[in-house]
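Q: Here it is: the structure, laid out below.
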Amino acid sequence: MLKVIQMGIQAFMVLASKVWACICFLIKRQIKTVRQYQPVKYGVFPLLPLSRHRISMLKVIYTKLKVVTASKIYLSYIGMVKRKVLVLDLDETLIHSHHEGVLRHPSKPEMPPDFILKVTIERHPVRFYVHKRPHVDFFLDVVSKWYELVVFTASMQIYGAAVADKLDNRRGILRRRFYRQHCTPEMGSYTKDLTSVSSDLSRVFILDNSPAAYRAFPDNAIPIKSWFSDTSDTALLNLLPMLDALRFTDDVRSVLSRNLHNHNLWQ
């Protein structure tokens, strides 16, 4: 009986030693893992004044290099993209006018005109009262820096030229102009041939309130709501972000062709 007890105690001691060895192994491995991912700490010593000056100078130089590099990349890209042509309609797009003898109409602006034109049509003097669409001066000033601007109106030259002169205001931004004689009579209205402005249709587009005017070039047009008298109108301002981006495209049609649902080509 005593011998059996002794053998049992020995077996228990062997098992206990193995369990303890296993526990010690697991503890050591865990400690090793924790030590492996502990951050290394270094003593912090203050920089000498000369070192601080050199580091600040390096930061300034690095910042300037980034700005110069970015500018060079931007300018090189601008050089690769052709300057595009923005064709502008006049009546109900940039201005609205009425002349003497026309009965008062609800669309006629209540405010005084921005300028009055006196022109002679078929030997008869006619006085036009012209109202500028809100923000048109700012719009022209901005887009003239991005595009070559061209006026294309279905109005008679004697009237259209006088309006364009007023809008240009001696800035020299509306030099190229096309009038009624450059349009094509079609279906009771006038259509505008953009190839007469530029043979490269990838870089020319028109802003016009009349879809009939550009029915032959829907991929080269931006529609805009007709303006008569709304002083709170912001349509021209709303177009600026898109026009800013459009000048960097290789082909304006790749963007404007997605806008076809906004056109009603038979108006």
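Chain identifiers are assigned as A, B, and so on, following the order in which chains appear in the structure tokens; residues are numbered from 1 within each chain, and ligands are numbered from 1 in order of appearance.
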Give me the residues near Pro185 in chain A as a list of chain:residue names, where near means some atom within 12 Å (using only C-alpha atoms) and where sequence neighbours in that chain fewer than 6 positions away do not count.

A: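 The filter keeps A:Ala154, A:Thr191, A:Lys192, A:Asp193, A:Ala212, A:Ala213.
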
Q: Env of Leu140 in chain A: 9 Å cut, atoms = only C-alpha atoms, seq-sep filter 6 positions within chain, self excluded. Answer as number ranges by chain.

A: A: 149, 167-168, 173

Q: For those residues, write N, CA and C atoms to a file as a short mmCIF file (atom, residue, chain, number, x, y, z; two decimals), in the first residue's frame.

A:
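The resulting again-v4.cif:
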```cif
data_model
loop_
_atom_site.label_atom_id
_atom_site.label_comp_id
_atom_site.auth_asym_id
_atom_site.auth_seq_id
_atom_site.Cartn_x
_atom_site.Cartn_y
_atom_site.Cartn_z
N LEU A 149 -12.86 85.82 -76.12
CA LEU A 149 -14.30 86.09 -76.17
C LEU A 149 -14.71 86.57 -77.55
N LEU A 167 -20.53 97.03 -73.51
CA LEU A 167 -20.13 95.96 -72.62
C LEU A 167 -18.61 95.85 -72.52
N ASP A 168 -17.94 96.09 -73.64
CA ASP A 168 -16.47 96.04 -73.65
C ASP A 168 -15.88 97.15 -72.79
N ILE A 173 -11.83 93.39 -74.83
CA ILE A 173 -12.08 91.95 -74.62
C ILE A 173 -13.13 91.39 -75.56
#
```

Q: Just want the 9 Å neighbourhood of Val85 in chain A, counted on only C-alpha atoms, with same-chain residues fewer than 2 positions away dropped. Output as a list in words.

A: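 Close residues of Val85 in chain A: Arg83, Val87, Tyr147, Glu148, Leu149, Val150, Val197, Ser198, Arg203, Val204, Phe205 and Ile206 of chain A.
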
Q: Name all residues at most 9 Å from Ala162 in chain A (count only C-alpha atoms; drop same-chain ones fewer than 5 positions away) and give them as a JSON list (two decimals) with all heavy atoms, in the first residue's frame.

A:
```
[["chain", "number", "residue", "atom", "x", "y", "z"],
["A", 117, "LEU", "N", -29.09, 103.60, -76.22],
["A", 117, "LEU", "CA", -28.45, 103.66, -77.53],
["A", 117, "LEU", "C", -29.33, 104.39, -78.51],
["A", 117, "LEU", "O", -30.54, 104.14, -78.58],
["A", 117, "LEU", "CB", -28.16, 102.24, -78.05],
["A", 117, "LEU", "CG", -27.22, 101.37, -77.23],
["A", 117, "LEU", "CD1", -27.12, 99.99, -77.87],
["A", 117, "LEU", "CD2", -25.84, 102.00, -77.13],
["A", 119, "VAL", "N", -29.60, 104.72, -82.43],
["A", 119, "VAL", "CA", -29.12, 104.21, -83.71],
["A", 119, "VAL", "C", -30.13, 104.54, -84.81],
["A", 119, "VAL", "O", -31.31, 104.79, -84.53],
["A", 119, "VAL", "CB", -28.89, 102.68, -83.66],
["A", 119, "VAL", "CG1", -27.84, 102.32, -82.62],
["A", 119, "VAL", "CG2", -30.19, 101.95, -83.39],
["A", 157, "GLN", "N", -26.14, 94.62, -87.17],
["A", 157, "GLN", "CA", -24.81, 95.05, -86.76],
["A", 157, "GLN", "C", -24.81, 96.42, -86.11],
["A", 157, "GLN", "O", -24.10, 96.65, -85.13],
["A", 157, "GLN", "CB", -23.87, 95.06, -87.98],
["A", 157, "GLN", "CG", -22.44, 95.47, -87.64],
["A", 157, "GLN", "CD", -21.49, 95.25, -88.80],
["A", 157, "GLN", "OE1", -21.83, 94.57, -89.76],
["A", 157, "GLN", "NE2", -20.30, 95.82, -88.70],
["A", 167, "LEU", "N", -20.53, 97.03, -73.51],
["A", 167, "LEU", "CA", -20.13, 95.96, -72.62],
["A", 167, "LEU", "C", -18.61, 95.85, -72.52],
["A", 167, "LEU", "O", -18.05, 95.53, -71.47],
["A", 167, "LEU", "CB", -20.71, 94.62, -73.09],
["A", 167, "LEU", "CG", -22.23, 94.47, -72.99],
["A", 167, "LEU", "CD1", -22.66, 93.12, -73.57],
["A", 167, "LEU", "CD2", -22.70, 94.58, -71.55]]
```

Q: Might you pull out every residue within 6 Å of Leu88 in chain A, with only C-alpha atoms counted and same-chain residues fewer than 6 positions away left off, and present them as a list in words?

A: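 Those residues are Val151, Phe152, Ile206 and Leu207 of chain A.
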
Q: Mind checking which residues fall within 12 Å of Met111 in chain A, counting only C-alpha atoms, ignoring those fewer than 3 positions away in the same chain, and posting them as a VMD selection string?

A: chain A and resid 107 to 108 114 to 115 129 to 132 228 to 231

Q: Which is closer to Arg180 in chain A than all the others in A:Ala216, A:Leu86, A:Ile158, A:Ile222, using only C-alpha atoms?

A: A:Ile158

Q: Mind pulling up the distance from CA of Leu240 in chain A to CA of Val142 in chain A?

A: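 Separation between CA of Val142 in chain A and CA of Leu240 in chain A: 8.3 Å.
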
Q: From range 130-207 of chain A, collect each residue whose DSSP state is helix (DSSP H, G or I) and return the set as a VMD selection string.

A: chain A and resid 136 to 143 157 to 168 180 to 182 194 to 196 201 to 203

Q: Rank nothing, just name the residue among A:Gln30, A:Ser202, A:Ser232, A:Thr249 nearest to Pro134 in chain A, using only C-alpha atoms.

A: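 The shortest atom-to-atom distance to Pro134 in chain A comes from A:Ser232.
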
Q: Enumerate, as a PyMOL selection string, the complete set of residues in range 113-233 of chain A that a backbone-based DSSP assignment places in strand (DSSP E or B).

A: chain A and resi 115-121+124-132+148-152+176-178+183-186+189-192+204-208+221-223

Q: Please measure the separation of CA of Leu26 in chain A and CA of Ala11 in chain A, giving the value in Å to one decimal.

A: 23.1 Å

Q: Nearest residue to Arg133 in chain A out of A:Met242, A:Leu90, A:Ser210, A:Lys84, using only C-alpha atoms?

A: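 The answer is A:Leu90, which sits nearest to Arg133 in chain A.
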
Q: So, counting only C-alpha atoms, which residue among A:Leu194, A:Leu236, A:Leu15, A:Leu174 is closest to Ile95 in chain A?

A: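 Looking at the shortest contact to Ile95 in chain A, the residue is A:Leu236.
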